[in-house]
file query27.json (JSON, C-alpha atoms and all ligand atoms)
[["chain", "number", "residue", "atom", "x", "y", "z"],
["A", 74, "MET", "CA", -23.07, -36.69, 32.30],
["A", 75, "ILE", "CA", -20.83, -37.15, 29.24],
["A", 76, "LEU", "CA", -23.83, -37.56, 26.97],
["A", 77, "LEU", "CA", -25.38, -34.42, 28.50],
["A", 78, "LEU", "CA", -22.11, -32.50, 27.89],
["A", 79, "LEU", "CA", -21.88, -33.65, 24.27],
["A", 80, "LEU", "CA", -25.51, -32.67, 23.72],
["A", 81, "LEU", "CA", -24.82, -29.25, 25.27],
["A", 82, "LEU", "CA", -21.75, -28.71, 23.09],
["A", 83, "SER", "CA", -23.60, -29.70, 19.92],
["A", 84, "VAL", "CA", -26.45, -27.34, 20.71],
["A", 85, "THR", "CA", -24.30, -24.34, 21.62],
["A", 86, "GLY", "CA", -21.70, -24.98, 18.95],
["A", 87, "CYS", "CA", -18.97, -24.59, 21.57],
["A", 88, "GLY", "CA", -17.36, -27.77, 20.45],
["A", 89, "LYS", "CA", -16.93, -26.47, 16.88],
["A", 90, "SER", "CA", -13.72, -24.98, 15.50],
["A", 91, "VAL", "CA", -13.80, -21.37, 14.28],
["A", 92, "GLU", "CA", -14.21, -22.58, 10.71],
["A", 93, "GLN", "CA", -17.22, -24.77, 11.58],
["A", 94, "ARG", "CA", -19.10, -22.12, 13.62],
["A", 95, "GLU", "CA", -21.54, -19.85, 11.81],
["A", 96, "PRO", "CA", -19.48, -16.92, 10.41],
["A", 97, "LYS", "CA", -19.95, -13.70, 12.36],
["A", 98, "LEU", "CA", -20.43, -11.86, 9.10],
["A", 99, "LEU", "CA", -19.92, -12.06, 5.32],
["A", 100, "LEU", "CA", -17.34, -9.58, 4.02],
["A", 101, "GLY", "CA", -16.89, -8.83, 0.31],
["A", 102, "PHE", "CA", -13.40, -7.50, -0.51],
["A", 103, "SER", "CA", -12.20, -6.23, -3.92],
["A", 104, "GLN", "CA", -8.41, -6.26, -4.12],
["A", 105, "VAL", "CA", -6.43, -4.15, -6.66],
["A", 106, "GLY", "CA", -4.40, -7.03, -8.06],
["A", 107, "SER", "CA", -1.11, -8.85, -7.43],
["A", 108, "GLU", "CA", 1.30, -6.19, -8.73],
["A", 109, "SER", "CA", 3.78, -6.23, -5.85],
["A", 110, "ALA", "CA", 5.08, -8.10, -2.84],
["A", 111, "TRP", "CA", 3.24, -5.49, -0.81],
["A", 112, "ARG", "CA", -0.11, -6.33, -2.46],
["A", 113, "ILE", "CA", 0.43, -10.07, -2.10],
["A", 114, "GLY", "CA", 1.31, -9.58, 1.56],
["A", 115, "ASN", "CA", -1.78, -7.42, 2.03],
["A", 116, "THR", "CA", -4.04, -10.08, 0.52],
["A", 117, "ARG", "CA", -2.47, -12.81, 2.64],
["A", 118, "ASP", "CA", -2.92, -10.76, 5.81],
["A", 119, "ILE", "CA", -6.58, -10.04, 5.08],
["A", 120, "GLU", "CA", -7.26, -13.73, 4.44],
["A", 121, "GLU", "CA", -5.49, -14.75, 7.64],
["A", 122, "GLN", "CA", -7.29, -12.17, 9.78],
["A", 123, "ALA", "CA", -10.68, -13.14, 8.34],
["A", 124, "GLY", "CA", -9.98, -16.69, 9.51],
["A", 125, "TYR", "CA", -8.87, -15.60, 12.99],
["A", 126, "HIS", "CA", -11.99, -13.41, 13.36],
["A", 127, "GLY", "CA", -14.46, -16.06, 12.17],
["A", 128, "ILE", "CA", -15.44, -13.87, 9.22],
["A", 129, "SER", "CA", -16.51, -15.37, 5.89],
["A", 130, "LEU", "CA", -14.49, -13.59, 3.16],
["A", 131, "MET", "CA", -15.40, -13.21, -0.51],
["A", 132, "LEU", "CA", -12.15, -11.83, -1.96],
["A", 133, "GLU", "CA", -12.00, -10.87, -5.65],
["A", 134, "ASN", "CA", -8.76, -9.87, -7.44],
["A", 135, "ALA", "CA", -9.38, -7.06, -9.96],
["A", 136, "ASN", "CA", -6.11, -7.59, -11.85],
["A", 137, "GLN", "CA", -5.40, -3.81, -11.91],
["A", 138, "LYS", "CA", -8.70, -2.90, -13.59],
["A", 139, "GLN", "CA", -11.20, -0.46, -12.04],
["A", 140, "GLU", "CA", -14.05, -1.95, -14.03],
["A", 141, "ASN", "CA", -13.37, -5.30, -12.40],
["A", 142, "GLN", "CA", -13.58, -3.70, -8.95],
["A", 143, "ILE", "CA", -16.89, -2.01, -9.80],
["A", 144, "ALA", "CA", -18.29, -5.32, -11.09],
["A", 145, "ALA", "CA", -17.11, -7.11, -7.94],
["A", 146, "ILE", "CA", -18.79, -4.54, -5.68],
["A", 147, "ARG", "CA", -22.03, -5.02, -7.63],
["A", 148, "ARG", "CA", -21.75, -8.78, -7.11],
["A", 149, "PHE", "CA", -21.27, -8.24, -3.38],
["A", 150, "ILE", "CA", -24.41, -6.08, -3.32],
["A", 151, "ALA", "CA", -26.41, -8.72, -5.19],
["A", 152, "TYR", "CA", -25.10, -11.35, -2.78],
["A", 153, "LYS", "CA", -26.26, -9.16, 0.14],
["A", 154, "VAL", "CA", -22.94, -9.31, 2.02],
["A", 155, "ASP", "CA", -22.90, -7.67, 5.43],
["A", 156, "VAL", "CA", -19.95, -5.35, 4.72],
["A", 157, "ILE", "CA", -18.03, -4.34, 1.58],
["A", 158, "ALA", "CA", -14.37, -3.36, 1.61],
["A", 159, "PHE", "CA", -12.02, -2.47, -1.25],
["A", 160, "SER", "CA", -8.72, -0.86, -2.12],
["A", 161, "PRO", "CA", -9.60, 1.58, -4.94],
["A", 162, "ILE", "CA", -7.00, 1.36, -7.69],
["A", 163, "VAL", "CA", -7.55, 5.06, -8.49],
["A", 164, "GLU", "CA", -9.36, 7.80, -6.58],
["A", 165, "GLU", "CA", -12.05, 8.84, -9.06],
["A", 166, "GLY", "CA", -15.06, 7.00, -10.57],
["A", 167, "TRP", "CA", -16.72, 5.31, -7.56],
["A", 168, "ASP", "CA", -19.79, 7.48, -6.83],
["A", 169, "ASN", "CA", -22.39, 5.41, -8.70],
["A", 170, "VAL", "CA", -21.46, 1.98, -7.36],
["A", 171, "LEU", "CA", -20.99, 3.28, -3.82],
["A", 172, "GLU", "CA", -24.43, 4.93, -3.94],
["A", 173, "GLU", "CA", -25.83, 1.55, -4.98],
["A", 174, "ALA", "CA", -24.15, -0.01, -1.92],
["A", 175, "ARG", "CA", -25.58, 2.72, 0.32],
["A", 176, "GLU", "CA", -29.09, 2.21, -1.13],
["A", 177, "ALA", "CA", -28.69, -1.50, -0.40],
["A", 178, "GLY", "CA", -27.83, -0.63, 3.21],
["A", 179, "ILE", "CA", -24.35, -2.18, 3.00],
["A", 180, "PRO", "CA", -21.53, -0.24, 4.76],
["A", 181, "VAL", "CA", -18.27, 0.22, 2.84],
["A", 182, "ILE", "CA", -14.75, 0.31, 4.26],
["A", 183, "LEU", "CA", -11.80, 1.70, 2.25],
["A", 184, "VAL", "CA", -8.61, -0.32, 2.70],
["A", 185, "ASP", "CA", -5.15, 1.00, 1.80],
["A", 186, "ARG", "CA", -6.19, 3.63, -0.74],
["A", 187, "ASP", "CA", -8.78, 6.47, -0.73],
["A", 188, "ILE", "CA", -11.41, 7.77, -3.13],
["A", 189, "SER", "CA", -12.01, 11.32, -4.35],
["A", 190, "THR", "CA", -15.67, 12.39, -4.29],
["A", 191, "THR", "CA", -17.83, 15.45, -3.64],
["A", 192, "LYS", "CA", -20.52, 13.27, -2.05],
["A", 193, "THR", "CA", -20.65, 12.54, 1.67],
["A", 194, "GLY", "CA", -21.32, 9.32, 3.50],
["A", 195, "LEU", "CA", -20.35, 6.90, 0.72],
["A", 196, "THR", "CA", -17.86, 5.10, 2.98],
["A", 197, "LYS", "CA", -17.58, 4.54, 6.73],
["A", 198, "CYS", "CA", -13.83, 4.33, 7.30],
["A", 199, "LEU", "CA", -10.40, 4.47, 5.62],
["A", 200, "ILE", "CA", -7.82, 2.01, 6.94],
["A", 201, "GLY", "CA", -4.45, 2.70, 5.36],
["A", 202, "ALA", "CA", -1.08, 4.39, 5.48],
["A", 203, "ASP", "CA", -0.52, 8.12, 5.72],
["A", 204, "PHE", "CA", 1.07, 8.29, 2.27],
["A", 205, "TYR", "CA", 1.74, 12.02, 2.53],
["A", 206, "LYS", "CA", 3.83, 11.36, 5.64],
["A", 207, "GLU", "CA", 5.70, 8.61, 3.78],
["A", 208, "GLY", "CA", 6.65, 11.19, 1.13],
["A", 209, "VAL", "CA", 7.72, 13.61, 3.86],
["A", 210, "MET", "CA", 9.86, 10.93, 5.54],
["A", 211, "ALA", "CA", 11.52, 10.11, 2.21],
["A", 212, "ALA", "CA", 12.37, 13.78, 1.61],
["A", 213, "GLU", "CA", 13.55, 14.33, 5.18],
["A", 214, "TYR", "CA", 15.97, 11.43, 4.73],
["A", 215, "LEU", "CA", 17.29, 13.01, 1.51],
["A", 216, "ILE", "CA", 17.79, 16.38, 3.21],
["A", 217, "ARG", "CA", 19.77, 14.71, 6.01],
["A", 218, "LYS", "CA", 21.80, 12.76, 3.46],
["A", 219, "ALA", "CA", 22.58, 15.89, 1.46],
["A", 220, "ASP", "CA", 23.70, 17.64, 4.66],
["A", 221, "THR", "CA", 25.91, 14.68, 5.61],
["A", 222, "LEU", "CA", 27.52, 14.50, 2.17],
["A", 223, "GLY", "CA", 27.76, 18.27, 1.82],
["A", 224, "LEU", "CA", 25.94, 18.17, -1.52],
["A", 225, "GLU", "CA", 25.27, 21.58, -3.01],
["A", 226, "HIS", "CA", 23.02, 20.67, -5.92],
["A", 227, "ILE", "CA", 20.86, 17.55, -6.18],
["A", 228, "ASN", "CA", 19.12, 16.34, -9.36],
["A", 229, "ILE", "CA", 16.20, 14.04, -8.56],
["A", 230, "VAL", "CA", 14.22, 11.72, -10.86],
["A", 231, "GLU", "CA", 10.94, 10.30, -9.58],
["A", 232, "ILE", "CA", 9.44, 6.97, -10.63],
["A", 233, "SER", "CA", 5.84, 7.34, -9.50],
["A", 234, "GLY", "CA", 3.17, 4.77, -8.71],
["A", 235, "THR", "CA", -0.15, 4.32, -10.55],
["A", 236, "LEU", "CA", -1.32, 7.73, -11.75],
["A", 237, "ASN", "CA", -4.32, 9.12, -9.80],
["A", 238, "SER", "CA", -3.93, 6.56, -7.02],
["A", 239, "THR", "CA", -3.79, 7.82, -3.44],
["A", 240, "PRO", "CA", -0.24, 6.57, -2.74],
["A", 241, "MET", "CA", 1.07, 8.15, -5.94],
["A", 242, "ARG", "CA", -0.59, 11.54, -5.33],
["A", 243, "GLN", "CA", 0.29, 11.78, -1.66],
["A", 244, "ARG", "CA", 3.80, 10.31, -1.77],
["A", 245, "GLN", "CA", 4.57, 12.88, -4.47],
["A", 246, "ALA", "CA", 2.94, 15.76, -2.59],
["A", 247, "GLY", "CA", 4.64, 14.94, 0.72],
["A", 248, "PHE", "CA", 8.05, 14.69, -0.96],
["A", 249, "TYR", "CA", 7.67, 17.82, -3.11],
["A", 250, "ASP", "CA", 6.31, 19.95, -0.26],
["A", 251, "THR", "CA", 9.24, 18.97, 1.96],
["A", 252, "ILE", "CA", 11.97, 19.80, -0.57],
["A", 253, "ALA", "CA", 10.20, 22.90, -1.91],
["A", 254, "ASP", "CA", 12.20, 25.35, 0.20],
["A", 255, "ASP", "CA", 15.54, 23.61, -0.26],
["A", 256, "PRO", "CA", 17.44, 25.42, -3.07],
["A", 257, "ARG", "CA", 19.73, 22.42, -3.55],
["A", 258, "MET", "CA", 16.89, 20.21, -4.80],
["A", 259, "THR", "CA", 15.76, 19.94, -8.45],
["A", 260, "VAL", "CA", 13.30, 17.36, -9.79],
["A", 261, "LEU", "CA", 14.45, 16.67, -13.35],
["A", 262, "GLU", "CA", 11.41, 14.55, -14.26],
["A", 263, "SER", "CA", 8.65, 12.36, -12.83],
["A", 264, "ILE", "CA", 7.53, 9.30, -14.80],
["A", 265, "ASP", "CA", 4.71, 6.78, -14.19],
["A", 266, "GLY", "CA", 6.00, 3.32, -13.24],
["A", 267, "ASP", "CA", 2.50, 2.03, -12.27],
["A", 268, "PHE", "CA", 4.00, 0.23, -9.21],
["A", 269, "LEU", "CA", 5.30, -2.49, -11.56],
["A", 270, "LYS", "CA", 8.83, -3.95, -11.65],
["A", 271, "SER", "CA", 8.90, -4.10, -15.45],
["A", 272, "ARG", "CA", 7.82, -0.47, -15.74],
["A", 273, "GLY", "CA", 10.41, 0.52, -13.16],
["A", 274, "ALA", "CA", 13.12, -0.90, -15.41],
["A", 275, "GLU", "CA", 11.66, 0.81, -18.52],
["A", 276, "CYS", "CA", 11.42, 4.15, -16.70],
["A", 277, "MET", "CA", 14.98, 3.92, -15.42],
["A", 278, "ARG", "CA", 16.34, 3.10, -18.90],
["A", 279, "TYR", "CA", 14.51, 6.15, -20.30],
["A", 280, "LEU", "CA", 15.75, 8.43, -17.50],
["A", 281, "LEU", "CA", 19.36, 7.23, -17.80],
["A", 282, "ASP", "CA", 19.32, 7.69, -21.57],
["A", 283, "LYS", "CA", 17.94, 11.22, -21.14],
["A", 284, "TYR", "CA", 19.87, 12.49, -18.10],
["A", 285, "GLY", "CA", 22.81, 10.08, -17.86],
["A", 286, "ASP", "CA", 25.11, 10.63, -14.91],
["A", 287, "SER", "CA", 23.52, 13.96, -13.99],
["A", 288, "ILE", "CA", 21.05, 11.98, -11.88],
["A", 289, "ASP", "CA", 21.91, 12.19, -8.20],
["A", 290, "VAL", "CA", 18.77, 10.66, -6.65],
["A", 291, "VAL", "CA", 16.07, 8.17, -7.65],
["A", 292, "TYR", "CA", 12.86, 8.56, -5.63],
["A", 293, "SER", "CA", 10.71, 5.48, -6.36],
["A", 294, "HIS", "CA", 7.16, 5.10, -5.00],
["A", 295, "ASN", "CA", 7.51, 1.35, -4.35],
["A", 296, "ASP", "CA", 10.06, -1.43, -3.99],
["A", 297, "GLU", "CA", 8.96, -3.32, -7.12],
["A", 298, "MET", "CA", 9.83, -0.38, -9.37],
["A", 299, "THR", "CA", 13.06, 0.20, -7.44],
["A", 300, "LEU", "CA", 14.10, -3.44, -7.87],
["A", 301, "GLY", "CA", 13.39, -3.15, -11.59],
["A", 302, "ALA", "CA", 15.44, 0.05, -11.84],
["A", 303, "LEU", "CA", 18.63, -1.08, -10.04],
["A", 304, "PRO", "CA", 19.97, -3.44, -12.75],
["A", 305, "GLU", "CA", 19.44, -0.72, -15.39],
["A", 306, "ILE", "CA", 21.62, 1.63, -13.34],
["A", 307, "GLU", "CA", 24.31, -1.03, -12.93],
["A", 308, "LYS", "CA", 24.30, -1.78, -16.69],
["A", 309, "LYS", "CA", 25.57, 1.81, -17.14],
["A", 310, "GLY", "CA", 28.47, 1.13, -14.77],
["A", 311, "ILE", "CA", 26.84, 3.28, -12.09],
["A", 312, "ALA", "CA", 26.71, 1.98, -8.48],
["A", 313, "PRO", "CA", 23.22, 2.46, -6.98],
["A", 314, "GLY", "CA", 23.44, 3.43, -3.30],
["A", 315, "GLU", "CA", 26.87, 4.99, -3.91],
["A", 316, "ASP", "CA", 26.91, 7.00, -7.18],
["A", 317, "ILE", "CA", 23.14, 7.55, -7.04],
["A", 318, "ILE", "CA", 21.05, 7.84, -3.85],
["A", 319, "ILE", "CA", 18.14, 5.37, -4.01],
["A", 320, "ILE", "CA", 14.99, 6.03, -1.98],
["A", 321, "SER", "CA", 12.13, 3.51, -2.03],
["A", 322, "ILE", "CA", 8.83, 2.81, -0.23],
["A", 323, "ASP", "CA", 7.09, -0.36, 1.03],
["A", 324, "GLY", "CA", 9.73, -2.19, 3.10],
["A", 325, "GLY", "CA", 9.33, -5.73, 1.76],
["A", 326, "GLN", "CA", 12.00, -8.35, 2.46],
["A", 327, "GLU", "CA", 13.63, -8.18, -0.97],
["A", 328, "ALA", "CA", 14.18, -4.42, -0.74],
["A", 329, "ILE", "CA", 15.46, -4.66, 2.83],
["A", 330, "ASP", "CA", 17.95, -7.33, 1.73],
["A", 331, "VAL", "CA", 19.16, -4.93, -1.00],
["A", 332, "LEU", "CA", 19.33, -2.10, 1.56],
["A", 333, "LYS", "CA", 21.55, -4.32, 3.70],
["A", 334, "LYS", "CA", 23.86, -4.73, 0.71],
["A", 335, "GLY", "CA", 24.09, -0.94, 0.28],
["A", 336, "ARG", "CA", 22.40, -0.76, -3.15],
["A", 337, "ILE", "CA", 19.41, 1.16, -1.70],
["A", 338, "ASN", "CA", 19.94, 3.97, 0.81],
["A", 339, "CYS", "CA", 16.47, 4.39, 2.31],
["A", 340, "VAL", "CA", 13.26, 2.33, 2.45],
["A", 341, "VAL", "CA", 10.18, 3.97, 3.96],
["A", 342, "GLU", "CA", 7.89, 1.35, 5.51],
["A", 343, "CYS", "CA", 4.34, 0.95, 4.24],
["A", 344, "THR", "CA", 2.82, -1.91, 6.17],
["A", 345, "PRO", "CA", 0.49, -4.30, 4.29],
["A", 346, "ARG", "CA", -0.84, -5.61, 7.61],
["A", 347, "LEU", "CA", -4.26, -3.96, 7.56],
["A", 348, "GLY", "CA", -6.32, -7.12, 8.03],
["A", 349, "TRP", "CA", -6.79, -6.99, 11.80],
["A", 350, "GLN", "CA", -8.11, -3.41, 11.72],
["A", 351, "LEU", "CA", -10.34, -4.29, 8.77],
["A", 352, "MET", "CA", -11.96, -7.22, 10.55],
["A", 353, "GLU", "CA", -12.38, -5.33, 13.83],
["A", 354, "THR", "CA", -13.99, -2.42, 11.96],
["A", 355, "ALA", "CA", -16.29, -4.70, 9.95],
["A", 356, "LEU", "CA", -17.49, -6.38, 13.15],
["A", 357, "LYS", "CA", -18.19, -2.98, 14.76],
["A", 358, "LEU", "CA", -20.22, -1.89, 11.71],
["A", 359, "LYS", "CA", -22.14, -5.18, 11.72],
["A", 360, "ASN", "CA", -22.96, -4.59, 15.40],
["A", 361, "GLY", "CA", -24.02, -0.99, 14.79],
["A", 362, "GLU", "CA", -21.05, 0.45, 16.69],
["A", 363, "ALA", "CA", -19.27, 3.72, 15.83],
["A", 364, "VAL", "CA", -15.97, 3.47, 13.94],
["A", 365, "ASP", "CA", -13.11, 5.91, 13.38],
["A", 366, "ALA", "CA", -13.24, 7.75, 10.03],
["A", 367, "VAL", "CA", -9.52, 7.18, 9.40],
["A", 368, "ILE", "CA", -7.15, 4.57, 10.85],
["A", 369, "HIS", "CA", -3.42, 5.02, 10.04],
["A", 370, "PRO", "CA", -0.91, 2.31, 11.06],
["A", 371, "GLU", "CA", 2.42, 3.27, 12.63],
["A", 372, "GLU", "CA", 5.28, 3.22, 10.12],
["A", 373, "GLN", "CA", 9.06, 3.67, 10.25],
["A", 374, "VAL", "CA", 12.05, 4.43, 8.01],
["A", 375, "PHE", "CA", 14.88, 2.00, 7.32],
["A", 376, "SER", "CA", 18.09, 3.58, 6.02],
["A", 377, "ASP", "CA", 21.89, 3.61, 5.91],
["A", 378, "GLU", "CA", 21.78, 5.92, 8.92],
["A", 379, "GLN", "CA", 21.16, 2.90, 11.16],
["A", 380, "ASP", "CA", 22.57, -0.62, 11.75],
["A", 381, "VAL", "CA", 20.49, -2.33, 9.05],
["A", 382, "SER", "CA", 21.71, -5.76, 10.17],
["A", 383, "LEU", "CA", 19.26, -5.43, 13.07],
["A", 384, "ILE", "CA", 16.17, -5.15, 10.85],
["A", 385, "ALA", "CA", 13.94, -8.14, 11.67],
["A", 386, "PRO", "CA", 12.47, -10.40, 8.93],
["A", 387, "ARG", "CA", 9.67, -8.48, 7.19],
["A", 388, "GLY", "CA", 7.18, -11.24, 6.42],
["A", 389, "TYR", "CA", 6.25, -9.85, 2.96],
["B", 401, "LIG", "C1", 0.42, 1.28, -0.74],
["B", 401, "LIG", "C2", -0.12, 0.43, -1.85],
["B", 401, "LIG", "C3", 0.83, 0.43, -2.98],
["B", 401, "LIG", "C4", 2.18, -0.13, -2.60],
["B", 401, "LIG", "C5", 2.55, -0.79, -3.88],
["B", 401, "LIG", "O1", -0.40, 1.17, 0.36],
["B", 401, "LIG", "O2", -1.36, 0.96, -2.33],
["B", 401, "LIG", "O3", 0.29, -0.38, -4.00],
["B", 401, "LIG", "O4", 3.09, 0.85, -2.22],
["B", 401, "LIG", "C6", 1.23, -1.41, -4.29],
["B", 401, "LIG", "O5", 3.55, -1.76, -3.77],
["B", 401, "LIG", "O6", 1.23, -1.72, -5.62]]
call {"tool": "encode", "arguments": {"input": "query27.json", "output": "structure tokens"}}
result
Amino acid sequence: MILLLLLLLSVTGCGKSVEQREPKLLLGFSQVGSESAWRIGNTRDIEEQAGYHGISLMLENANQKQENQIAAIRRFIAYKVDVIAFSPIVEEGWDNVLEEAREAGIPVILVDRDISTTKTGLTKCLIGADFYKEGVMAAEYLIRKADTLGLEHINIVEISGTLNSTPMRQRQAGFYDTIADDPRMTVLESIDGDFLKSRGAECMRYLLDKYGDSIDVVYSHNDEMTLGALPEIEKKGIAPGEDIIIISIDGGQEAIDVLKKGRINCVVECTPRLGWQLMETALKLKNGEAVDAVIHPEEQVFSDEQDVSLIAPRGY
């Protein structure tokens, strides 16, 4: 009986671990880079979820270059992967390579960021945050804060993410649209910080030199740039979170720790945990099942309006 059972297990593969079983599909994923704690957390989550789902993952890091992403997608096509997924560093410039994927019969999933195209059917699904809503939530916090403090005129500087990327365009649009009708609000200047900590510091130095203590609010499109900006503010003898309202986006552990210390006033969450949805969607496409065109994760706002000591560990 034991021999029969062992023979049965070896034939059906039931005795194999997930790693040893034939992968359910081969997924090619082109990642933007490693520019932030968010991005690193996103990569880690995708790798973990591929393992849990028994999916073989070919993950390529583009190191912030669109040409590297295009080359990676072409390699995935040549390798005949079952599904291609990528987070487009910017919205334009993808039509040709995505038409090549379509001609090869390989479905494409957008993760995190979107593309801009006049063509239809180049991708099957977008799994990522509602960045416009993140911008709205950031502005709604500022309006509440201004009401609470009784501020009559508010000068805002914006440190934006990578130009022409979906998060940069939509976080800006959501924020601007929400403050548009508030006569107290003035945006002094918006400057490209490219989602990088070093650029965040450079941008803040420039803005402080130009506008000095007339700055009331810093609206930063991600935590990395915010964390680069804070020491530049403090070098001027200005207390971030007190003398200047600091609003950031992502919600990584380092920024939450700084929020708890009162040096940031508001952090809008942008979850990097997109891996489970990606793998579930890839499996549906492999099996010829319908998938949703857009999948947005739930997201929240952390701010000095709440008991920040209760915020659980963030995991990225
Ligand atoms: C947002 C993601 C952004 C993060 C940054 O989903 O595209 O890119 O906000 C990251 O930290 O660089």
call {"tool": "residues_near_point", "arguments": {"input": "query27.json", "point": "(22.5, 7.3, -17.9)", "cutoff": "10 Å", "atoms": "only C-alpha atoms", "output": "list in words"}}
result
Met277, Arg278, Tyr279, Leu280, Leu281, Asp282, Lys283, Tyr284, Gly285, Asp286, Ser287, Ile288, Glu305, Ile306, Glu307, Lys308, Lys309, Gly310 and Ile311 of chain A
call {"tool": "residues_near_ligand", "arguments": {"input": "query27.json", "ligand": "ligand LIG 401 (chain B)", "cutoff": "6 Å", "atoms": "only C-alpha atoms and all ligand atoms", "output": "PDB file with C-alpha atoms, keeping the file's coordinate frame"}}
result
ATOM      1  CA  GLU A 108       1.300  -6.190  -8.730  1.00  0.00           C
ATOM      2  CA  SER A 109       3.780  -6.230  -5.850  1.00  0.00           C
ATOM      3  CA  TRP A 111       3.240  -5.490  -0.810  1.00  0.00           C
ATOM      4  CA  ARG A 112      -0.110  -6.330  -2.460  1.00  0.00           C
ATOM      5  CA  ASP A 185      -5.150   1.000   1.800  1.00  0.00           C
ATOM      6  CA  ARG A 186      -6.190   3.630  -0.740  1.00  0.00           C
ATOM      7  CA  PRO A 240      -0.240   6.570  -2.740  1.00  0.00           C
ATOM      8  CA  PHE A 268       4.000   0.230  -9.210  1.00  0.00           C
ATOM      9  CA  ASN A 295       7.510   1.350  -4.350  1.00  0.00           C
ATOM     10  CA  ASP A 323       7.090  -0.360   1.030  1.00  0.00           C
TER      11      ASP A 323
END
call {"tool": "closest_residue", "arguments": {"input": "query27.json", "among": "A:Arg244, A:Glu231, A:Asn237, A:Ala151", "to": "A:Leu261", "atoms": "only C-alpha atoms"}}
result
A:Glu231
call {"tool": "closest_residue", "arguments": {"input": "query27.json", "among": "A:Lys218, A:Arg346, A:Lys334, A:Arg175", "to": "A:Arg387", "atoms": "only C-alpha atoms"}}
result
A:Arg346
call {"tool": "residues_around", "arguments": {"input": "query27.json", "residues": "A:Gln243", "least_positions_apart": "4", "cutoff": "7 Å", "atoms": "all atoms listed in the file", "output": "JSON list (two decimals) with C-alpha atoms, keeping the file's coordinate frame"}}
result
[["chain", "number", "residue", "atom", "x", "y", "z"],
["A", 204, "PHE", "CA", 1.07, 8.29, 2.27],
["A", 205, "TYR", "CA", 1.74, 12.02, 2.53],
["A", 208, "GLY", "CA", 6.65, 11.19, 1.13],
["A", 239, "THR", "CA", -3.79, 7.82, -3.44],
["A", 247, "GLY", "CA", 4.64, 14.94, 0.72]]
call {"tool": "residues_around", "arguments": {"input": "query27.json", "residues": "A:Ile384", "least_positions_apart": "2", "cutoff": "12 Å", "atoms": "all atoms listed in the file", "output": "list in words"}}
result
Gly324, Gly325, Gln326, Ala328, Ile329, Asp330, Leu332, Lys333, Val340, Glu342, Gln373, Val374, Phe375, Ser376, Asp377, Gln379, Asp380, Val381, Ser382, Pro386, Arg387 and Gly388 of chain A
call {"tool": "residues_around", "arguments": {"input": "query27.json", "residues": "A:Gly106", "least_positions_apart": "5", "cutoff": "9 Å", "atoms": "all atoms listed in the file", "output": "list in words"}}
result
Arg112, Ile113, Glu133, Asn134, Ala135, Asn136, Gln137, Lys138 and Ile162 of chain A
call {"tool": "closest_residue", "arguments": {"input": "query27.json", "among": "A:Gln104, A:Thr196, A:Thr344, A:Thr191", "to": "A:Glu120", "atoms": "all atoms listed in the file"}}
result
A:Gln104
call {"tool": "closest_residue", "arguments": {"input": "query27.json", "among": "A:Met258, A:Leu269, A:Ile216, A:Leu183", "to": "A:His369", "atoms": "all atoms listed in the file"}}
result
A:Leu183
call {"tool": "closest_residue", "arguments": {"input": "query27.json", "among": "A:Leu303, A:Tyr214, A:Met352, A:Gly314", "to": "A:Leu99", "atoms": "all atoms listed in the file"}}
result
A:Met352
call {"tool": "decode", "arguments": {"input": "query27.json", "residues": "stretch 285-307 of chain A", "atoms": "C-alpha atoms", "output": "mmCIF file, in the first residue's frame"}}
result
data_model
loop_
_atom_site.group_PDB
_atom_site.id
_atom_site.type_symbol
_atom_site.label_atom_id
_atom_site.label_comp_id
_atom_site.auth_asym_id
_atom_site.auth_seq_id
_atom_site.Cartn_x
_atom_site.Cartn_y
_atom_site.Cartn_z
ATOM 1 C CA GLY A 285 12.165 81.574 2.324
ATOM 2 C CA ASP A 286 9.701 81.654 5.187
ATOM 3 C CA SER A 287 6.778 82.605 2.957
ATOM 4 C CA ILE A 288 6.235 78.884 2.399
ATOM 5 C CA ASP A 289 3.325 77.596 4.455
ATOM 6 C CA VAL A 290 2.878 74.108 2.955
ATOM 7 C CA VAL A 291 5.049 71.502 1.214
ATOM 8 C CA TYR A 292 3.026 69.041 -0.879
ATOM 9 C CA SER A 293 5.387 66.193 -1.829
ATOM 10 C CA HIS A 294 4.344 63.360 -4.175
ATOM 11 C CA ASN A 295 6.235 60.673 -2.236
ATOM 12 C CA ASP A 296 7.898 59.953 1.091
ATOM 13 C CA GLU A 297 11.433 59.685 -0.323
ATOM 14 C CA MET A 298 11.367 63.288 -1.536
ATOM 15 C CA THR A 299 9.726 64.398 1.713
ATOM 16 C CA LEU A 300 12.433 62.702 3.787
ATOM 17 C CA GLY A 301 15.067 64.425 1.658
ATOM 18 C CA ALA A 302 13.375 67.803 2.110
ATOM 19 C CA LEU A 303 12.927 67.802 5.909
ATOM 20 C CA PRO A 304 16.604 68.291 6.891
ATOM 21 C CA GLU A 305 16.877 71.209 4.425
ATOM 22 C CA ILE A 306 13.954 72.904 6.175
ATOM 23 C CA GLU A 307 15.506 72.315 9.600
#
